[in-house]
>>> print(open('run_24.csv').read())   # CSV, C-alpha atoms
chain,number,residue,atom,x,y,z
A,1,GLY,CA,-12.4,15.7,-2.2
A,2,GLU,CA,-13.5,12.5,-3.9
A,3,ASN,CA,-14.0,9.4,-1.9
A,4,VAL,CA,-14.6,6.0,-3.5
A,5,GLU,CA,-15.9,3.0,-1.6
A,6,GLN,CA,-15.8,-0.5,-3.0
A,7,HIS,CA,-17.5,-3.8,-2.0
A,8,PRO,CA,-17.1,-6.6,-1.4
A,9,SER,CA,-13.4,-6.8,-0.3
A,10,THR,CA,-13.3,-10.5,-1.3
A,11,LEU,CA,-15.5,-12.5,-3.7
A,12,SER,CA,-15.3,-16.2,-4.3
A,13,VAL,CA,-17.3,-17.8,-7.2
A,14,GLN,CA,-17.3,-21.0,-9.1
A,15,GLU,CA,-16.1,-21.1,-12.7
A,16,GLY,CA,-19.0,-20.1,-15.0
A,17,ASP,CA,-20.8,-18.0,-12.4
A,18,SER,CA,-21.2,-14.2,-12.6
A,19,ALA,CA,-19.4,-11.8,-10.4
A,20,VAL,CA,-20.5,-8.3,-9.4
A,21,ILE,CA,-18.4,-5.6,-7.8
A,22,LYS,CA,-19.9,-2.3,-6.6
A,23,CYS,CA,-18.5,1.1,-6.0
A,24,THR,CA,-19.9,4.4,-4.7
A,25,TYR,CA,-18.4,7.8,-5.1
A,26,SER,CA,-18.9,11.1,-3.3
A,27,ASP,CA,-18.2,13.9,-5.9
A,28,SER,CA,-21.3,14.4,-8.1
A,29,ALA,CA,-19.1,16.1,-10.6
A,30,SER,CA,-17.0,13.0,-11.3
A,31,ASN,CA,-17.4,11.9,-14.9
A,32,TYR,CA,-14.8,9.2,-15.6
A,33,PHE,CA,-14.9,5.7,-14.0
A,34,PRO,CA,-12.3,3.2,-15.0
A,35,TRP,CA,-11.9,-0.4,-13.7
A,36,TYR,CA,-8.4,-1.9,-13.3
A,37,LYS,CA,-7.4,-5.5,-12.9
A,38,GLN,CA,-4.2,-6.3,-10.9
A,39,GLU,CA,-2.8,-9.8,-10.8
A,40,LEU,CA,-0.5,-10.7,-8.0
A,41,GLY,CA,2.8,-8.8,-8.3
A,42,LYS,CA,1.8,-7.2,-11.6
A,43,ARG,CA,0.9,-3.7,-12.7
A,44,PRO,CA,-2.8,-2.5,-12.8
A,45,GLN,CA,-4.3,-2.8,-16.2
A,46,LEU,CA,-7.4,-1.1,-17.5
A,47,ILE,CA,-10.2,-3.5,-18.4
A,48,ILE,CA,-13.0,-1.2,-19.1
A,49,ASP,CA,-14.1,2.4,-18.4
A,50,ILE,CA,-17.3,4.4,-18.6
A,51,ARG,CA,-18.0,8.1,-18.8
A,52,SER,CA,-20.9,10.0,-17.2
A,53,ASN,CA,-22.8,10.4,-20.5
A,54,VAL,CA,-23.2,6.6,-20.8
A,55,GLY,CA,-25.3,4.3,-18.5
A,56,GLU,CA,-23.8,1.0,-19.5
A,57,LYS,CA,-20.9,-0.3,-21.5
A,58,LYS,CA,-20.0,-3.9,-22.5
A,59,ASP,CA,-16.9,-5.6,-23.7
A,60,GLN,CA,-17.4,-9.4,-24.3
A,61,ARG,CA,-17.8,-10.9,-20.8
A,62,ILE,CA,-17.3,-7.6,-18.9
A,63,ALA,CA,-19.9,-4.8,-18.4
A,64,VAL,CA,-20.0,-1.7,-16.3
A,65,THR,CA,-23.1,0.2,-15.3
A,66,LEU,CA,-23.3,3.7,-13.9
A,67,ASN,CA,-26.1,5.3,-11.9
A,68,LYS,CA,-25.3,9.0,-11.6
A,69,THR,CA,-28.3,9.8,-9.5
A,70,ALA,CA,-27.2,7.3,-6.8
A,71,LYS,CA,-23.5,7.9,-7.4
A,72,HIS,CA,-22.6,4.3,-7.9
A,73,PHE,CA,-21.2,2.1,-10.6
A,74,SER,CA,-20.7,-1.6,-10.9
A,75,LEU,CA,-18.5,-4.2,-12.7
A,76,HIS,CA,-20.2,-7.3,-14.0
A,77,ILE,CA,-18.2,-10.3,-15.2
A,78,THR,CA,-20.1,-13.2,-16.7
A,79,GLU,CA,-19.0,-16.8,-17.3
A,80,THR,CA,-16.1,-16.3,-15.0
A,81,GLN,CA,-12.9,-18.2,-15.6
A,82,PRO,CA,-9.9,-19.1,-13.3
A,83,GLU,CA,-7.8,-16.5,-15.2
A,84,ASP,CA,-10.2,-13.8,-14.0
A,85,SER,CA,-8.8,-14.3,-10.5
A,86,ALA,CA,-7.2,-11.0,-9.5
A,87,VAL,CA,-7.7,-7.9,-7.5
A,88,TYR,CA,-10.1,-5.4,-9.2
A,89,PHE,CA,-10.0,-1.7,-8.5
A,90,CYS,CA,-12.6,0.9,-9.4
A,91,ALA,CA,-11.7,4.6,-9.6
A,92,ALA,CA,-13.3,7.9,-10.3
A,93,SER,CA,-12.2,11.3,-11.4
A,94,ARG,CA,-13.5,14.7,-12.5
A,95,GLY,CA,-12.0,15.2,-15.9
A,96,PHE,CA,-8.3,15.4,-15.6
A,97,GLN,CA,-8.3,15.8,-11.9
A,98,LYS,CA,-6.7,13.1,-9.9
A,99,LEU,CA,-8.0,9.5,-10.2
A,100,VAL,CA,-9.2,8.2,-6.8
A,101,PHE,CA,-9.1,4.4,-6.4
A,102,GLY,CA,-11.3,2.2,-4.3
A,103,THR,CA,-9.8,-0.3,-1.8
A,104,GLY,CA,-10.0,-3.2,-4.2
A,105,THR,CA,-11.9,-6.5,-4.5
A,106,ARG,CA,-10.0,-9.8,-4.5
A,107,LEU,CA,-11.9,-12.1,-6.9
A,108,LEU,CA,-11.2,-15.9,-6.7
A,109,VAL,CA,-12.7,-18.1,-9.4
A,110,SER,CA,-12.5,-21.8,-8.5
A,111,PRO,CA,-12.5,-24.4,-11.2
B,1,GLU,CA,4.6,0.1,-28.5
B,2,ALA,CA,7.0,0.0,-25.5
B,3,GLY,CA,5.3,0.4,-22.1
B,4,VAL,CA,6.1,2.5,-19.1
B,5,ALA,CA,9.6,1.7,-17.8
B,6,GLN,CA,10.6,2.0,-14.1
B,7,SER,CA,13.8,1.3,-12.2
B,8,PRO,CA,14.8,-0.2,-9.9
B,9,ARG,CA,12.3,-2.9,-9.5
B,10,TYR,CA,13.2,-3.6,-5.9
B,11,LYS,CA,14.9,-1.5,-3.3
B,12,ILE,CA,15.7,-2.2,0.4
B,13,ILE,CA,16.9,0.6,2.6
B,14,GLU,CA,17.1,1.5,6.2
B,15,LYS,CA,15.0,4.3,7.7
B,16,ARG,CA,16.4,7.8,7.4
B,17,GLN,CA,18.3,6.8,4.2
B,18,SER,CA,17.4,8.3,0.8
B,19,VAL,CA,16.1,6.6,-2.3
B,20,ALA,CA,15.3,7.6,-5.9
B,21,PHE,CA,13.0,6.0,-8.4
B,22,TRP,CA,13.1,6.6,-12.2
B,23,CYS,CA,10.2,6.5,-14.7
B,24,ASN,CA,10.2,6.6,-18.5
B,25,PRO,CA,6.7,7.1,-19.8
B,26,ILE,CA,5.3,5.8,-23.1
B,27,SER,CA,6.6,8.0,-26.0
B,28,GLY,CA,4.4,10.9,-26.7
B,29,HIS,CA,2.4,10.7,-23.4
B,30,ALA,CA,2.1,14.2,-22.0
B,31,THR,CA,0.7,13.3,-18.5
B,32,LEU,CA,2.8,11.4,-16.0
B,33,TYR,CA,1.6,10.1,-12.6
B,34,TRP,CA,3.3,8.7,-9.5
B,35,TYR,CA,1.3,6.6,-7.2
B,36,GLN,CA,2.0,4.9,-3.9
B,37,GLN,CA,0.4,1.5,-3.4
B,38,ILE,CA,0.6,0.1,0.1
B,39,LEU,CA,0.0,-3.6,0.5
B,40,GLY,CA,-3.8,-4.4,0.4
B,41,GLN,CA,-4.8,-0.9,-0.8
B,42,GLY,CA,-5.6,0.9,-4.0
B,43,PRO,CA,-3.0,3.2,-5.6
B,44,LYS,CA,-2.9,6.7,-4.1
B,45,LEU,CA,-1.8,9.6,-6.4
B,46,LEU,CA,1.3,11.4,-5.1
B,47,ILE,CA,1.9,13.7,-8.0
B,48,GLN,CA,0.6,14.4,-11.5
B,49,PHE,CA,2.6,16.2,-14.2
B,50,GLN,CA,1.3,17.6,-17.5
B,51,ASN,CA,4.4,17.9,-19.7
B,52,ASN,CA,6.9,19.3,-17.1
B,53,GLY,CA,4.4,21.2,-15.0
B,54,VAL,CA,2.8,19.9,-11.8
B,55,VAL,CA,-0.9,19.6,-11.9
B,56,ASP,CA,-1.6,18.0,-8.5
B,57,ASP,CA,0.7,17.3,-5.7
B,58,SER,CA,-1.8,17.6,-2.9
B,59,GLN,CA,-1.0,14.2,-1.4
B,60,LEU,CA,2.8,14.4,-1.7
B,61,PRO,CA,4.5,14.6,1.7
B,62,LYS,CA,6.6,17.5,0.7
B,63,ASP,CA,8.8,17.4,3.8
B,64,ARG,CA,10.4,14.2,2.5
B,65,PHE,CA,9.2,13.5,-1.0
B,66,SER,CA,10.2,15.4,-4.1
B,67,ALA,CA,9.6,14.7,-7.8
B,68,GLU,CA,10.7,16.3,-11.1
B,69,ARG,CA,10.0,15.7,-14.7
B,70,LEU,CA,12.8,17.3,-16.8
B,71,LYS,CA,12.1,18.2,-20.4
B,72,GLY,CA,8.6,16.7,-20.0
B,73,VAL,CA,9.7,13.1,-20.5
B,74,ASP,CA,11.5,11.1,-17.8
B,75,SER,CA,10.7,11.6,-14.1
B,76,THR,CA,12.3,10.9,-10.8
B,77,LEU,CA,10.7,10.5,-7.4
B,78,LYS,CA,12.9,10.9,-4.3
B,79,ILE,CA,12.4,10.1,-0.7
B,80,GLN,CA,14.7,11.7,1.9
B,81,PRO,CA,14.7,10.6,4.7
B,82,ALA,CA,12.7,7.4,4.4
B,83,LYS,CA,10.4,6.2,7.1
B,84,LEU,CA,9.1,2.8,7.9
B,85,GLU,CA,5.6,3.7,6.6
B,86,ASP,CA,7.0,4.5,3.2
B,87,SER,CA,7.3,0.8,2.5
B,88,ALA,CA,5.1,0.3,-0.6
B,89,VAL,CA,5.1,-0.2,-4.3
B,90,TYR,CA,5.7,3.0,-6.2
B,91,LEU,CA,3.9,3.0,-9.5
B,92,CYS,CA,4.4,5.3,-12.4
B,93,ALA,CA,1.7,5.8,-15.1
B,94,SER,CA,1.3,7.9,-18.2
B,95,SER,CA,-1.5,9.0,-20.5
B,96,PHE,CA,-1.6,10.7,-23.8
B,97,ARG,CA,-4.1,13.6,-23.4
B,98,THR,CA,-3.9,16.7,-21.2
B,99,SER,CA,-7.4,18.0,-21.8
B,100,GLY,CA,-10.8,16.9,-23.0
B,101,THR,CA,-12.0,13.4,-22.2
B,102,PRO,CA,-9.7,11.5,-19.8
B,103,ASP,CA,-7.9,8.6,-21.5
B,104,THR,CA,-6.3,5.4,-20.3
B,105,GLN,CA,-3.5,5.5,-17.7
B,106,TYR,CA,-0.8,2.9,-18.5
B,107,PHE,CA,1.1,1.7,-15.5
B,108,GLY,CA,4.7,0.7,-15.2
B,109,PRO,CA,5.8,-2.5,-13.3
B,110,GLY,CA,6.4,-0.5,-10.1
B,111,THR,CA,9.3,-0.3,-7.6
B,112,ARG,CA,8.8,-2.3,-4.4
B,113,LEU,CA,10.4,-0.3,-1.6
B,114,THR,CA,11.1,-1.9,1.8
B,115,VAL,CA,12.3,0.4,4.6
B,116,LEU,CA,13.9,-1.5,7.5
>>> encode(input="run_24.csv", output="structure tokens")
Amino acid sequence: GENVEQHPSTLSVQEGDSAVIKCTYSDSASNYFPWYKQELGKRPQLIIDIRSNVGEKKDQRIAVTLNKTAKHFSLHITETQPEDSAVYFCAASRGFQKLVFGTGTRLLVSP
Amino acid sequence: EAGVAQSPRYKIIEKRQSVAFWCNPISGHATLYWYQQILGQGPKLLIQFQNNGVVDDSQLPKDRFSAERLKGVDSTLKIQPAKLEDSAVYLCASSFRTSGTPDTQYFGPGTRLTVL
């Protein structure tokens, strides 16, 4: 089955810096890669997703890149703000098969 | 639109007791998911329904966990008997589509279960 690895487990940056979180997946047939943000005690919320027919997707300060050959995808946050502090999860699935989540990255943005 | 509703929000039980969780998905969403999120880990899918049929329950401990989705809307997840390792947040999520391109899964607030 699918296995998703996520790095780093924690990431501390200064406000205004960029943050990059990386994930690798094992199933070459996976074609859907969402990223979720989970604030302390809150529900996970989708922030961006990418499908395997696209190499990069941007939404304001957030971007995701996908390398199908290497089976890895990354989340890029530019101009970080304190409100970006949260746990970020990557995930992967093959179509409507189960979504497999990574172990999470705790991002701390210091003012 | 109203989000995914779950109840209760918190539950404390002793081991070997039983417990049930309820989920009401977003109106019109055909697919419903139950996840278990242990502290410090990512959500793990327990069971996935499309309408009222089970699509994937490969990670559901069937000797103690059961779930149903009557009439393709609300769903309940039951644990009987509970073990200490069942302490976790149980998240319900729903999505609109059942085929084609996967779409956004919307999560409920979760039920935090503590087994003593």
>>> interface_residues(input="run_24.csv", of="chain A", to="chain B", cutoff="8 Å", atoms="all atoms listed in the file", output="list of chain:residue names")
A:Tyr32, A:Lys42, A:Arg43, A:Pro44, A:Gln45, A:Leu46, A:Phe89, A:Gly95, A:Phe96, A:Gln97, A:Lys98, A:Leu99, A:Val100, A:Phe101, A:Gly102, A:Thr103, A:Gly104
>>> atom_distance(input="run_24.csv", atom1="atom CA of Ser93 of chain A", atom2="atom CA of Gln50 of chain B")
16.1 Å
>>> closest_residue(input="run_24.csv", among="B:Ser66, B:Asn52, B:Thr111, B:Gln37", to="Pro81 of chain B", atoms="only C-alpha atoms")
B:Ser66
>>> closest_residue(input="run_24.csv", among="B:Thr114, B:Leu84, B:Gly72, B:Arg64", to="Ser27 of chain B", atoms="all atoms listed in the file")
B:Gly72
>>> atom_distance(input="run_24.csv", atom1="atom CA of Leu70 of chain B", atom2="atom CA of Arg16 of chain B")
26.2 Å
>>> closest_residue(input="run_24.csv", among="A:Ala63, A:Lys68, A:Val13, A:Ile48", to="Ala29 of chain A", atoms="only C-alpha atoms")
A:Lys68
>>> residues_near_point(input="run_24.csv", point="(-12.6, -19.3, -7.0)", cutoff="12 Å", atoms="all atoms listed in the file", output="CSV table (one decimal) with C-alpha atoms, keeping the file's coordinate frame")
chain,number,residue,atom,x,y,z
A,10,THR,CA,-13.3,-10.5,-1.3
A,11,LEU,CA,-15.5,-12.5,-3.7
A,12,SER,CA,-15.3,-16.2,-4.3
A,13,VAL,CA,-17.3,-17.8,-7.2
A,14,GLN,CA,-17.3,-21.0,-9.1
A,15,GLU,CA,-16.1,-21.1,-12.7
A,16,GLY,CA,-19.0,-20.1,-15.0
A,17,ASP,CA,-20.8,-18.0,-12.4
A,18,SER,CA,-21.2,-14.2,-12.6
A,19,ALA,CA,-19.4,-11.8,-10.4
A,80,THR,CA,-16.1,-16.3,-15.0
A,81,GLN,CA,-12.9,-18.2,-15.6
A,82,PRO,CA,-9.9,-19.1,-13.3
A,83,GLU,CA,-7.8,-16.5,-15.2
A,84,ASP,CA,-10.2,-13.8,-14.0
A,85,SER,CA,-8.8,-14.3,-10.5
A,86,ALA,CA,-7.2,-11.0,-9.5
A,106,ARG,CA,-10.0,-9.8,-4.5
A,107,LEU,CA,-11.9,-12.1,-6.9
A,108,LEU,CA,-11.2,-15.9,-6.7
A,109,VAL,CA,-12.7,-18.1,-9.4
A,110,SER,CA,-12.5,-21.8,-8.5
A,111,PRO,CA,-12.5,-24.4,-11.2
>>> atom_distance(input="run_24.csv", atom1="atom CA of Asp86 of chain B", atom2="atom CA of Leu116 of chain B")
10.1 Å
>>> residues_near_point(input="run_24.csv", point="(16.0, 8.6, 1.3)", cutoff="12 Å", atoms="all atoms listed in the file", output="MDAnalysis selection string")
chainID B and resid 11:21 63:66 77:84 86:87 113:115
>>> write_last_selection(input="run_24.csv", atoms="C-alpha atoms", output="PDB file, in the coordinates of the input")
ATOM      1  CA  LYS B  11      14.900  -1.500  -3.300  1.00  0.00           C
ATOM      2  CA  ILE B  12      15.700  -2.200   0.400  1.00  0.00           C
ATOM      3  CA  ILE B  13      16.900   0.600   2.600  1.00  0.00           C
ATOM      4  CA  GLU B  14      17.100   1.500   6.200  1.00  0.00           C
ATOM      5  CA  LYS B  15      15.000   4.300   7.700  1.00  0.00           C
ATOM      6  CA  ARG B  16      16.400   7.800   7.400  1.00  0.00           C
ATOM      7  CA  GLN B  17      18.300   6.800   4.200  1.00  0.00           C
ATOM      8  CA  SER B  18      17.400   8.300   0.800  1.00  0.00           C
ATOM      9  CA  VAL B  19      16.100   6.600  -2.300  1.00  0.00           C
ATOM     10  CA  ALA B  20      15.300   7.600  -5.900  1.00  0.00           C
ATOM     11  CA  PHE B  21      13.000   6.000  -8.400  1.00  0.00           C
ATOM     12  CA  ASP B  63       8.800  17.400   3.800  1.00  0.00           C
ATOM     13  CA  ARG B  64      10.400  14.200   2.500  1.00  0.00           C
ATOM     14  CA  PHE B  65       9.200  13.500  -1.000  1.00  0.00           C
ATOM     15  CA  SER B  66      10.200  15.400  -4.100  1.00  0.00           C
ATOM     16  CA  LEU B  77      10.700  10.500  -7.400  1.00  0.00           C
ATOM     17  CA  LYS B  78      12.900  10.900  -4.300  1.00  0.00           C
ATOM     18  CA  ILE B  79      12.400  10.100  -0.700  1.00  0.00           C
ATOM     19  CA  GLN B  80      14.700  11.700   1.900  1.00  0.00           C
ATOM     20  CA  PRO B  81      14.700  10.600   4.700  1.00  0.00           C
ATOM     21  CA  ALA B  82      12.700   7.400   4.400  1.00  0.00           C
ATOM     22  CA  LYS B  83      10.400   6.200   7.100  1.00  0.00           C
ATOM     23  CA  LEU B  84       9.100   2.800   7.900  1.00  0.00           C
ATOM     24  CA  ASP B  86       7.000   4.500   3.200  1.00  0.00           C
ATOM     25  CA  SER B  87       7.300   0.800   2.500  1.00  0.00           C
ATOM     26  CA  LEU B 113      10.400  -0.300  -1.600  1.00  0.00           C
ATOM     27  CA  THR B 114      11.100  -1.900   1.800  1.00  0.00           C
ATOM     28  CA  VAL B 115      12.300   0.400   4.600  1.00  0.00           C
TER      29      VAL B 115
END
>>> residues_around(input="run_24.csv", residues="Ser28 of chain A", least_positions_apart="2", cutoff="9 Å", atoms="all atoms listed in the file", output="list in words")
Tyr25, Ser26, Ser30, Asn31, Lys68, Thr69, Lys71 and Arg94 of chain A
>>> write_last_selection(input="run_24.csv", atoms="C-alpha atoms", output="tab-separated table (two decimals), in the frame of the given file")
chain	number	residue	atom	x	y	z
A	25	TYR	CA	-18.40	7.80	-5.10
A	26	SER	CA	-18.90	11.10	-3.30
A	30	SER	CA	-17.00	13.00	-11.30
A	31	ASN	CA	-17.40	11.90	-14.90
A	68	LYS	CA	-25.30	9.00	-11.60
A	69	THR	CA	-28.30	9.80	-9.50
A	71	LYS	CA	-23.50	7.90	-7.40
A	94	ARG	CA	-13.50	14.70	-12.50
>>> closest_residue(input="run_24.csv", among="A:Cys90, A:Ile77, A:Val4, A:Leu40", to="Lys58 of chain A", atoms="only C-alpha atoms")
A:Ile77
